[in-house]
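**Student:** Dropping the structure in here first, questions after.
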Amino acid sequence: MTDLHRLSIREMAEGLKSAQFSSRELTQHYLDRIAKIDPRVNSYVTVTAELALAEANAADELLKSGTSGLMTGIPLAHKDIFCTQGIKSSAGSKMLDNFISPYDATVVAKAKAAGIVTLGKVNMDEFAMGSTSENSYYGATANPWNLDHVPGGSSGGSAAAVAADLAPIATGTDTGGSIRQPASFCGLTGLKPTYGRVSRFGMIAYASSLDQGGPLARSAEDCAYLMNVIAGHDEKDSTSIEKEADDYVANLNGTSVKGLRIGIPKQYFNVAGLNADVKARVEESLKKLEEMGAILVEIDLNMTEAYVPTYYLIAPAEASSNLSRFDGVRYGYRAENPVDLMDLYKRSRSEGFGAEVQRRILIGTYALSAGYYDAYYVKAQKVRRLIQQDFLKAFESVDVIAAPSAPTTAYKIGANLSPVEMYLGDIYTIAVNLAGLPAINAPVGFDQNQLPVGLQLIGNYWSESQLLSVVHQYQQATDWHNQRAAIAEENA
């Protein structure tokens, strides 16, 4: 039973159903791996070993009684941005280091109801603000492919945990690429669903009109299994869409790649910072899809230069509003011995928030302030509509749009990129969030340093099934998603 972590979700489910191994054995296997390997990776903030084993025992009872579901007994790691009842829910911040959530996020509640086992909460950039997972109160997470490099962010702990086989699947959130970019950096499949497809209730907010939860896993098939659990309408979330979710597993072969029109935006492949290896691997993957019958169509996305300035006005403005609740009064970090109320506010926030979060709050507060609101925030919202229309026009002639997920492979830890350099690294992902579209990352090879490269496919609204299906078929014809980092091959 030393190689349970090499099984797919489907193989795990079949093994549990046929009693080849129990959920407790599977869960213990992952807990042993976490204990041995994670000190080098730092993907977990909290390991919930006792809870996991108790949930695994309960899953085994359901499996024995024949009342289990598709995912009963499968272990999972939650990004530490999802509130989990009775467990620390920190959002990677000193501000919430002492916060024990009194309730479960809808995503967590749905996972529990499906009999999924919670291994623990994984590391992330503070309040999901960052692209490296270095902006965490709990220290940087390492990339399992090379421990000197970052795993991406903000869902870097989720990506690193799956890439090191410390969890078979993980939840993440994507506000401007925070599922797709770490999936790209860690050689995984990661899906950012359509805005409103997965409930945001109990997900600690960064930018409410952009945030969306989704799965990170090795394959599109594994992602589909988790999407079947977490997707769907939630009356607790006012932005959740009253539209029935698909059966993503049943639809894995539902889209034919033959005849699929893939849009290739020429602006995306002429970006100044696009790494030559990344460009080559992405183009090779598109050639493979073409061999499988897809039709490549060159398209124009004329608003490309507006993506970064638009996003970095809207997201910080919403963050400034959302994070105003952390004031040292009701919950979270509280400064010691304040002189008066103003001193309590000032010191609680300056001591509780890290540098990047403070930077974005300041930018957002400025953009929302009297005299600048119309010039910055309102203007950015108007440009956002133009970006959305640019995509919708493209979808009149193509089925999906292809792009790199990131212009480079994983940065070195401590590279100390300037904020602008870091923000420009999001050029391929942020527009998807501005438009509310779904998009997926698929691993498509490596650069010369053996760091993973990702292909991003962007779909029209509600086309998650199509995206998963296309990537699933690509993965039937290639083996990149089965490649494992050396650290993942170690036995506990």
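In the structure tokens, each chain is lettered A, B, ... as it comes, each chain's residues begin at 1, and ligands are numbered from 1 in order of appearance.
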May I have a table of the residues of stretch 69-148 of chain A lying at most 10 Å from stretch 386-410 of chain A, giving each one's closest pair of atoms and their distance in Å to one decimal, counting only C-alpha atoms, ordered by chain and ascending residue number, as a tab-separated table?
**Tutor:**
```
residue	atom	partner	partner_atom	distance
A:Ser131	CA	A:Ala410	CA	9.9
A:Thr132	CA	A:Ala410	CA	8.4
A:Asn143	CA	A:Ala410	CA	8.0
A:Trp145	CA	A:Ala410	CA	9.6
A:Asn146	CA	A:Ala410	CA	9.1
A:Asp148	CA	A:Ala410	CA	9.7
```
**Student:** Write the residues of the selection above to a file with all heavy atoms, as a PDB file, in the first residue's frame.
**Tutor:**
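Resulting contents of out.pdb:
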```pdb
ATOM      1  N   SER A 131       1.276  36.234  -6.199  1.00  0.00           N
ATOM      2  CA  SER A 131       1.434  35.253  -7.271  1.00  0.00           C
ATOM      3  C   SER A 131       2.552  34.258  -6.971  1.00  0.00           C
ATOM      4  O   SER A 131       3.005  33.555  -7.868  1.00  0.00           O
ATOM      5  CB  SER A 131       1.759  35.968  -8.588  1.00  0.00           C
ATOM      6  OG  SER A 131       0.832  36.991  -8.839  1.00  0.00           O
ATOM      7  N   THR A 132       3.002  34.209  -5.704  1.00  0.00           N
ATOM      8  CA  THR A 132       4.154  33.353  -5.383  1.00  0.00           C
ATOM      9  C   THR A 132       3.971  32.514  -4.121  1.00  0.00           C
ATOM     10  O   THR A 132       4.748  31.605  -3.875  1.00  0.00           O
ATOM     11  CB  THR A 132       5.424  34.214  -5.179  1.00  0.00           C
ATOM     12  OG1 THR A 132       5.246  35.047  -4.019  1.00  0.00           O
ATOM     13  CG2 THR A 132       5.720  35.080  -6.395  1.00  0.00           C
ATOM     14  N   ASN A 143       8.049  24.985  -4.386  1.00  0.00           N
ATOM     15  CA  ASN A 143       7.549  24.246  -5.542  1.00  0.00           C
ATOM     16  C   ASN A 143       8.132  22.831  -5.516  1.00  0.00           C
ATOM     17  O   ASN A 143       9.354  22.665  -5.517  1.00  0.00           O
ATOM     18  CB  ASN A 143       7.969  24.964  -6.832  1.00  0.00           C
ATOM     19  CG  ASN A 143       7.328  24.382  -8.070  1.00  0.00           C
ATOM     20  OD1 ASN A 143       7.178  23.177  -8.208  1.00  0.00           O
ATOM     21  ND2 ASN A 143       6.943  25.249  -8.997  1.00  0.00           N
ATOM     22  N   TRP A 145       8.662  20.708  -7.690  1.00  0.00           N
ATOM     23  CA  TRP A 145       9.558  20.402  -8.810  1.00  0.00           C
ATOM     24  C   TRP A 145      10.959  20.922  -8.569  1.00  0.00           C
ATOM     25  O   TRP A 145      11.931  20.376  -9.102  1.00  0.00           O
ATOM     26  CB  TRP A 145       8.993  20.973 -10.113  1.00  0.00           C
ATOM     27  CG  TRP A 145       7.803  20.208 -10.587  1.00  0.00           C
ATOM     28  CD1 TRP A 145       6.487  20.488 -10.337  1.00  0.00           C
ATOM     29  CD2 TRP A 145       7.809  18.998 -11.347  1.00  0.00           C
ATOM     30  NE1 TRP A 145       5.675  19.528 -10.898  1.00  0.00           N
ATOM     31  CE2 TRP A 145       6.465  18.604 -11.538  1.00  0.00           C
ATOM     32  CE3 TRP A 145       8.822  18.213 -11.902  1.00  0.00           C
ATOM     33  CZ2 TRP A 145       6.116  17.466 -12.245  1.00  0.00           C
ATOM     34  CZ3 TRP A 145       8.472  17.068 -12.614  1.00  0.00           C
ATOM     35  CH2 TRP A 145       7.135  16.702 -12.779  1.00  0.00           C
ATOM     36  N   ASN A 146      11.068  21.994  -7.806  1.00  0.00           N
ATOM     37  CA  ASN A 146      12.372  22.549  -7.422  1.00  0.00           C
ATOM     38  C   ASN A 146      12.133  23.402  -6.186  1.00  0.00           C
ATOM     39  O   ASN A 146      11.492  24.451  -6.268  1.00  0.00           O
ATOM     40  CB  ASN A 146      12.968  23.385  -8.553  1.00  0.00           C
ATOM     41  CG  ASN A 146      14.370  23.879  -8.223  1.00  0.00           C
ATOM     42  OD1 ASN A 146      14.678  24.172  -7.064  1.00  0.00           O
ATOM     43  ND2 ASN A 146      15.221  23.981  -9.230  1.00  0.00           N
ATOM     44  N   ASP A 148      13.723  25.399  -4.565  1.00  0.00           N
ATOM     45  CA  ASP A 148      14.241  26.772  -4.552  1.00  0.00           C
ATOM     46  C   ASP A 148      13.299  27.732  -5.275  1.00  0.00           C
ATOM     47  O   ASP A 148      13.558  28.934  -5.321  1.00  0.00           O
ATOM     48  CB  ASP A 148      15.622  26.834  -5.221  1.00  0.00           C
ATOM     49  CG  ASP A 148      16.681  26.090  -4.432  1.00  0.00           C
ATOM     50  OD1 ASP A 148      16.555  26.030  -3.190  1.00  0.00           O
ATOM     51  OD2 ASP A 148      17.619  25.556  -5.054  1.00  0.00           O
TER      52      ASP A 148
END
```
**Student:** If you run DSSP on this backbone, which residues of stretch 76-312 of chain A come out as strand (DSSP E), and could you give them as a VMD selection string?
**Tutor:** chain A and resid 76 to 79 117 to 122 169 to 173 189 to 192 213 to 217 261 to 265 295 to 299
**Student:** Taking 3 positions as the minimum chain separation for residues in the same chain, which residues sit within 12 Å of A:Asn416 when counting only C-alpha atoms? Answer as a JSON list (two decimals) with all heavy atoms, in the first residue's frame.
**Tutor:**
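That gives us part28.json:
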```
[["chain", "number", "residue", "atom", "x", "y", "z"],
["A", 131, "SER", "N", 1.28, 36.23, -6.20],
["A", 131, "SER", "CA", 1.43, 35.25, -7.27],
["A", 131, "SER", "C", 2.55, 34.26, -6.97],
["A", 131, "SER", "O", 3.01, 33.55, -7.87],
["A", 131, "SER", "CB", 1.76, 35.97, -8.59],
["A", 131, "SER", "OG", 0.83, 36.99, -8.84],
["A", 132, "THR", "N", 3.00, 34.21, -5.70],
["A", 132, "THR", "CA", 4.15, 33.35, -5.38],
["A", 132, "THR", "C", 3.97, 32.51, -4.12],
["A", 132, "THR", "O", 4.75, 31.61, -3.87],
["A", 132, "THR", "CB", 5.42, 34.21, -5.18],
["A", 132, "THR", "OG1", 5.25, 35.05, -4.02],
["A", 132, "THR", "CG2", 5.72, 35.08, -6.39],
["A", 134, "GLU", "N", 4.65, 33.61, -1.32],
["A", 134, "GLU", "CA", 5.66, 34.11, -0.38],
["A", 134, "GLU", "C", 5.04, 35.11, 0.60],
["A", 134, "GLU", "O", 5.61, 35.37, 1.65],
["A", 134, "GLU", "CB", 6.81, 34.80, -1.13],
["A", 134, "GLU", "CG", 7.67, 33.86, -1.95],
["A", 134, "GLU", "CD", 8.68, 34.62, -2.80],
["A", 134, "GLU", "OE1", 8.26, 35.26, -3.79],
["A", 134, "GLU", "OE2", 9.87, 34.57, -2.49],
["A", 135, "ASN", "N", 3.88, 35.69, 0.21],
["A", 135, "ASN", "CA", 3.23, 36.69, 1.07],
["A", 135, "ASN", "C", 2.36, 36.03, 2.12],
["A", 135, "ASN", "O", 1.22, 36.39, 2.31],
["A", 135, "ASN", "CB", 2.34, 37.62, 0.23],
["A", 135, "ASN", "CG", 3.10, 38.35, -0.86],
["A", 135, "ASN", "OD1", 4.28, 38.58, -0.73],
["A", 135, "ASN", "ND2", 2.41, 38.69, -1.94],
["A", 150, "VAL", "N", 9.17, 29.10, -6.36],
["A", 150, "VAL", "CA", 7.82, 29.29, -5.80],
["A", 150, "VAL", "C", 6.85, 28.35, -6.50],
["A", 150, "VAL", "O", 7.07, 27.94, -7.65],
["A", 150, "VAL", "CB", 7.34, 30.75, -5.94],
["A", 150, "VAL", "CG1", 8.32, 31.71, -5.28],
["A", 150, "VAL", "CG2", 7.11, 31.13, -7.40],
["A", 411, "TYR", "N", 9.13, 31.39, -10.59],
["A", 411, "TYR", "CA", 10.24, 32.25, -10.16],
["A", 411, "TYR", "C", 11.01, 31.57, -9.03],
["A", 411, "TYR", "O", 10.49, 30.69, -8.36],
["A", 411, "TYR", "CB", 9.72, 33.60, -9.62],
["A", 411, "TYR", "CG", 8.56, 34.21, -10.34],
["A", 411, "TYR", "CD1", 7.32, 34.34, -9.71],
["A", 411, "TYR", "CD2", 8.69, 34.67, -11.64],
["A", 411, "TYR", "CE1", 6.23, 34.90, -10.37],
["A", 411, "TYR", "CE2", 7.61, 35.25, -12.31],
["A", 411, "TYR", "CZ", 6.38, 35.36, -11.67],
["A", 411, "TYR", "OH", 5.32, 35.91, -12.32],
["A", 412, "LYS", "N", 12.22, 32.08, -8.79],
["A", 412, "LYS", "CA", 12.97, 31.61, -7.62],
["A", 412, "LYS", "C", 12.38, 32.25, -6.36],
["A", 412, "LYS", "O", 11.93, 33.39, -6.39],
["A", 412, "LYS", "CB", 14.45, 31.99, -7.73],
["A", 412, "LYS", "CG", 15.27, 31.00, -8.53],
["A", 412, "LYS", "CD", 16.74, 31.05, -8.12],
["A", 412, "LYS", "CE", 17.40, 29.72, -8.48],
["A", 412, "LYS", "NZ", 18.81, 29.68, -8.15],
["A", 413, "ILE", "N", 12.39, 31.51, -5.25],
["A", 413, "ILE", "CA", 11.97, 32.09, -3.98],
["A", 413, "ILE", "C", 12.94, 33.22, -3.64],
["A", 413, "ILE", "O", 14.16, 33.06, -3.77],
["A", 413, "ILE", "CB", 11.97, 31.02, -2.87],
["A", 413, "ILE", "CG1", 10.84, 30.00, -3.11],
["A", 413, "ILE", "CG2", 11.80, 31.66, -1.49],
["A", 413, "ILE", "CD1", 10.83, 28.82, -2.16],
["A", 419, "PRO", "N", 6.61, 45.08, -7.50],
["A", 419, "PRO", "CA", 5.16, 44.86, -7.62],
["A", 419, "PRO", "C", 4.68, 44.90, -9.07],
["A", 419, "PRO", "O", 3.85, 44.09, -9.47],
["A", 419, "PRO", "CB", 4.57, 46.01, -6.79],
["A", 419, "PRO", "CG", 5.61, 46.29, -5.76],
["A", 419, "PRO", "CD", 6.93, 46.08, -6.46],
["A", 420, "VAL", "N", 5.22, 45.81, -9.88],
["A", 420, "VAL", "CA", 4.78, 45.92, -11.28],
["A", 420, "VAL", "C", 5.16, 44.67, -12.06],
["A", 420, "VAL", "O", 4.35, 44.13, -12.82],
["A", 420, "VAL", "CB", 5.36, 47.19, -11.94],
["A", 420, "VAL", "CG1", 5.06, 47.21, -13.43],
["A", 420, "VAL", "CG2", 4.78, 48.44, -11.28],
["A", 421, "GLU", "N", 6.40, 44.16, -11.86],
["A", 421, "GLU", "CA", 6.82, 42.92, -12.53],
["A", 421, "GLU", "C", 5.90, 41.77, -12.15],
["A", 421, "GLU", "O", 5.50, 40.95, -12.98],
["A", 421, "GLU", "CB", 8.25, 42.57, -12.15],
["A", 421, "GLU", "CG", 9.33, 43.42, -12.80],
["A", 421, "GLU", "CD", 10.71, 43.06, -12.28],
["A", 421, "GLU", "OE1", 10.96, 43.16, -11.05],
["A", 421, "GLU", "OE2", 11.55, 42.67, -13.10],
["A", 422, "MET", "N", 5.56, 41.72, -10.86],
["A", 422, "MET", "CA", 4.69, 40.66, -10.36],
["A", 422, "MET", "C", 3.30, 40.77, -10.98],
["A", 422, "MET", "O", 2.71, 39.78, -11.42],
["A", 422, "MET", "CB", 4.59, 40.75, -8.82],
["A", 422, "MET", "CG", 3.93, 39.57, -8.17],
["A", 422, "MET", "SD", 4.94, 38.09, -8.26],
["A", 422, "MET", "CE", 6.23, 38.49, -7.09]]
```
**Student:** Stretch 54-98 of chain A: which residues are alpha helix (DSSP H) by DSSP, as a ChimeraX atom specification?
**Tutor:** /A:54-65
**Student:** Output N, CA, C and O atoms for every residue in that selection, as a PDB file, in the first residue's frame.
**Tutor:**
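Below is the file out-v2.pdb, written as the result:
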```
ATOM      1  N   ALA A  54     -11.274  10.472  11.877  1.00  0.00           N
ATOM      2  CA  ALA A  54     -12.674  10.296  12.285  1.00  0.00           C
ATOM      3  C   ALA A  54     -13.592  10.320  11.062  1.00  0.00           C
ATOM      4  O   ALA A  54     -14.514   9.497  10.943  1.00  0.00           O
ATOM      5  N   GLU A  55     -13.335  11.251  10.143  1.00  0.00           N
ATOM      6  CA  GLU A  55     -14.136  11.323   8.912  1.00  0.00           C
ATOM      7  C   GLU A  55     -13.914  10.090   8.048  1.00  0.00           C
ATOM      8  O   GLU A  55     -14.842   9.588   7.398  1.00  0.00           O
ATOM      9  N   ALA A  56     -12.682   9.587   8.037  1.00  0.00           N
ATOM     10  CA  ALA A  56     -12.375   8.376   7.263  1.00  0.00           C
ATOM     11  C   ALA A  56     -13.118   7.162   7.839  1.00  0.00           C
ATOM     12  O   ALA A  56     -13.655   6.343   7.083  1.00  0.00           O
ATOM     13  N   ASN A  57     -13.171   7.060   9.168  1.00  0.00           N
ATOM     14  CA  ASN A  57     -13.919   5.962   9.800  1.00  0.00           C
ATOM     15  C   ASN A  57     -15.398   6.021   9.426  1.00  0.00           C
ATOM     16  O   ASN A  57     -16.025   5.001   9.118  1.00  0.00           O
ATOM     17  N   ALA A  58     -15.952   7.253   9.446  1.00  0.00           N
ATOM     18  CA  ALA A  58     -17.362   7.435   9.080  1.00  0.00           C
ATOM     19  C   ALA A  58     -17.581   7.071   7.611  1.00  0.00           C
ATOM     20  O   ALA A  58     -18.586   6.443   7.254  1.00  0.00           O
ATOM     21  N   ALA A  59     -16.619   7.433   6.759  1.00  0.00           N
ATOM     22  CA  ALA A  59     -16.717   7.095   5.330  1.00  0.00           C
ATOM     23  C   ALA A  59     -16.687   5.582   5.133  1.00  0.00           C
ATOM     24  O   ALA A  59     -17.431   5.038   4.307  1.00  0.00           O
ATOM     25  N   ASP A  60     -15.845   4.914   5.910  1.00  0.00           N
ATOM     26  CA  ASP A  60     -15.760   3.443   5.798  1.00  0.00           C
ATOM     27  C   ASP A  60     -17.081   2.773   6.164  1.00  0.00           C
ATOM     28  O   ASP A  60     -17.480   1.780   5.546  1.00  0.00           O
ATOM     29  N   GLU A  61     -17.769   3.350   7.152  1.00  0.00           N
ATOM     30  CA  GLU A  61     -19.085   2.806   7.532  1.00  0.00           C
ATOM     31  C   GLU A  61     -20.080   2.965   6.382  1.00  0.00           C
ATOM     32  O   GLU A  61     -20.856   2.056   6.085  1.00  0.00           O
ATOM     33  N   LEU A  62     -20.048   4.134   5.737  1.00  0.00           N
ATOM     34  CA  LEU A  62     -20.942   4.371   4.593  1.00  0.00           C
ATOM     35  C   LEU A  62     -20.612   3.414   3.442  1.00  0.00           C
ATOM     36  O   LEU A  62     -21.502   2.886   2.781  1.00  0.00           O
ATOM     37  N   LEU A  63     -19.319   3.208   3.215  1.00  0.00           N
ATOM     38  CA  LEU A  63     -18.896   2.303   2.136  1.00  0.00           C
ATOM     39  C   LEU A  63     -19.368   0.870   2.410  1.00  0.00           C
ATOM     40  O   LEU A  63     -19.824   0.178   1.506  1.00  0.00           O
ATOM     41  N   LYS A  64     -19.286   0.462   3.678  1.00  0.00           N
ATOM     42  CA  LYS A  64     -19.721  -0.903   4.047  1.00  0.00           C
ATOM     43  C   LYS A  64     -21.230  -1.055   3.887  1.00  0.00           C
ATOM     44  O   LYS A  64     -21.726  -2.104   3.490  1.00  0.00           O
ATOM     45  N   SER A  65     -21.963   0.018   4.206  1.00  0.00           N
ATOM     46  CA  SER A  65     -23.428  -0.063   4.179  1.00  0.00           C
ATOM     47  C   SER A  65     -24.002   0.083   2.766  1.00  0.00           C
ATOM     48  O   SER A  65     -25.204  -0.079   2.556  1.00  0.00           O
TER      49      SER A  65
END
```
**Student:** At a cut-off of 9 Å, using only C-alpha atoms, what residues contact A:Ile264? Leave out same-chain residues fewer than 4 positions from it and give the result as an MDAnalysis selection string.
**Tutor:** chainID A and resid 268:269 296:300 401:403
**Student:** With N, CA, C and O atoms retained, export the selected residues as a tab-separated table (two decimals), in the first residue's frame.
**Tutor:**
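As a result, selection-v9.tsv now contains:
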```tsv
chain	number	residue	atom	x	y	z
A	268	TYR	N	-1.52	37.83	-27.59
A	268	TYR	CA	-1.02	37.06	-26.45
A	268	TYR	C	0.36	36.47	-26.72
A	268	TYR	O	1.12	36.21	-25.78
A	269	PHE	N	0.65	36.20	-27.98
A	269	PHE	CA	1.91	35.54	-28.30
A	269	PHE	C	3.00	36.54	-28.70
A	269	PHE	O	4.10	36.16	-29.06
A	296	LEU	N	-7.27	25.62	-35.61
A	296	LEU	CA	-6.68	26.80	-34.98
A	296	LEU	C	-7.04	28.03	-35.79
A	296	LEU	O	-6.84	28.07	-37.02
A	297	VAL	N	-7.59	29.03	-35.12
A	297	VAL	CA	-8.07	30.25	-35.79
A	297	VAL	C	-7.41	31.46	-35.14
A	297	VAL	O	-7.54	31.67	-33.92
A	298	GLU	N	-6.69	32.25	-35.92
A	298	GLU	CA	-6.08	33.46	-35.35
A	298	GLU	C	-7.16	34.50	-35.08
A	298	GLU	O	-8.03	34.74	-35.94
A	299	ILE	N	-7.15	35.08	-33.89
A	299	ILE	CA	-8.16	36.09	-33.52
A	299	ILE	C	-7.47	37.32	-32.94
A	299	ILE	O	-6.29	37.29	-32.58
A	300	ASP	N	-8.24	38.39	-32.83
A	300	ASP	CA	-7.77	39.62	-32.20
A	300	ASP	C	-8.46	39.80	-30.86
A	300	ASP	O	-9.68	39.68	-30.76
A	401	ILE	N	-10.61	29.73	-26.40
A	401	ILE	CA	-9.45	30.59	-26.69
A	401	ILE	C	-8.25	30.02	-25.97
A	401	ILE	O	-8.34	29.66	-24.79
A	402	ALA	N	-7.11	29.93	-26.67
A	402	ALA	CA	-5.90	29.35	-26.08
A	402	ALA	C	-4.89	30.45	-25.76
A	402	ALA	O	-4.78	31.44	-26.49
A	403	ALA	N	-4.15	30.25	-24.68
A	403	ALA	CA	-3.12	31.19	-24.27
A	403	ALA	C	-2.17	30.47	-23.32
A	403	ALA	O	-2.51	29.42	-22.76
```
**Student:** What gap, in Å, lies between atom CA of A:Arg261 and atom CA of A:Tyr248?
**Tutor:**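 If I compute the distance from atom CA of A:Arg261 to atom CA of A:Tyr248, I get 21.1 Å.
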**Student:** Tell me which of A:Pro309, A:Gly445, A:Pro39, A:Gly425 sits closest to A:Gln381, counting only C-alpha atoms.
**Tutor:**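 The answer is A:Pro309, which sits nearest to A:Gln381.
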**Student:** Restricting the calculation to only C-alpha atoms, which member of A:Val162, A:Met292, A:Ala355, A:Ala415 is positioned closest to A:Val122?
**Tutor:**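 Under the stated criterion, the closest residue is A:Val162.
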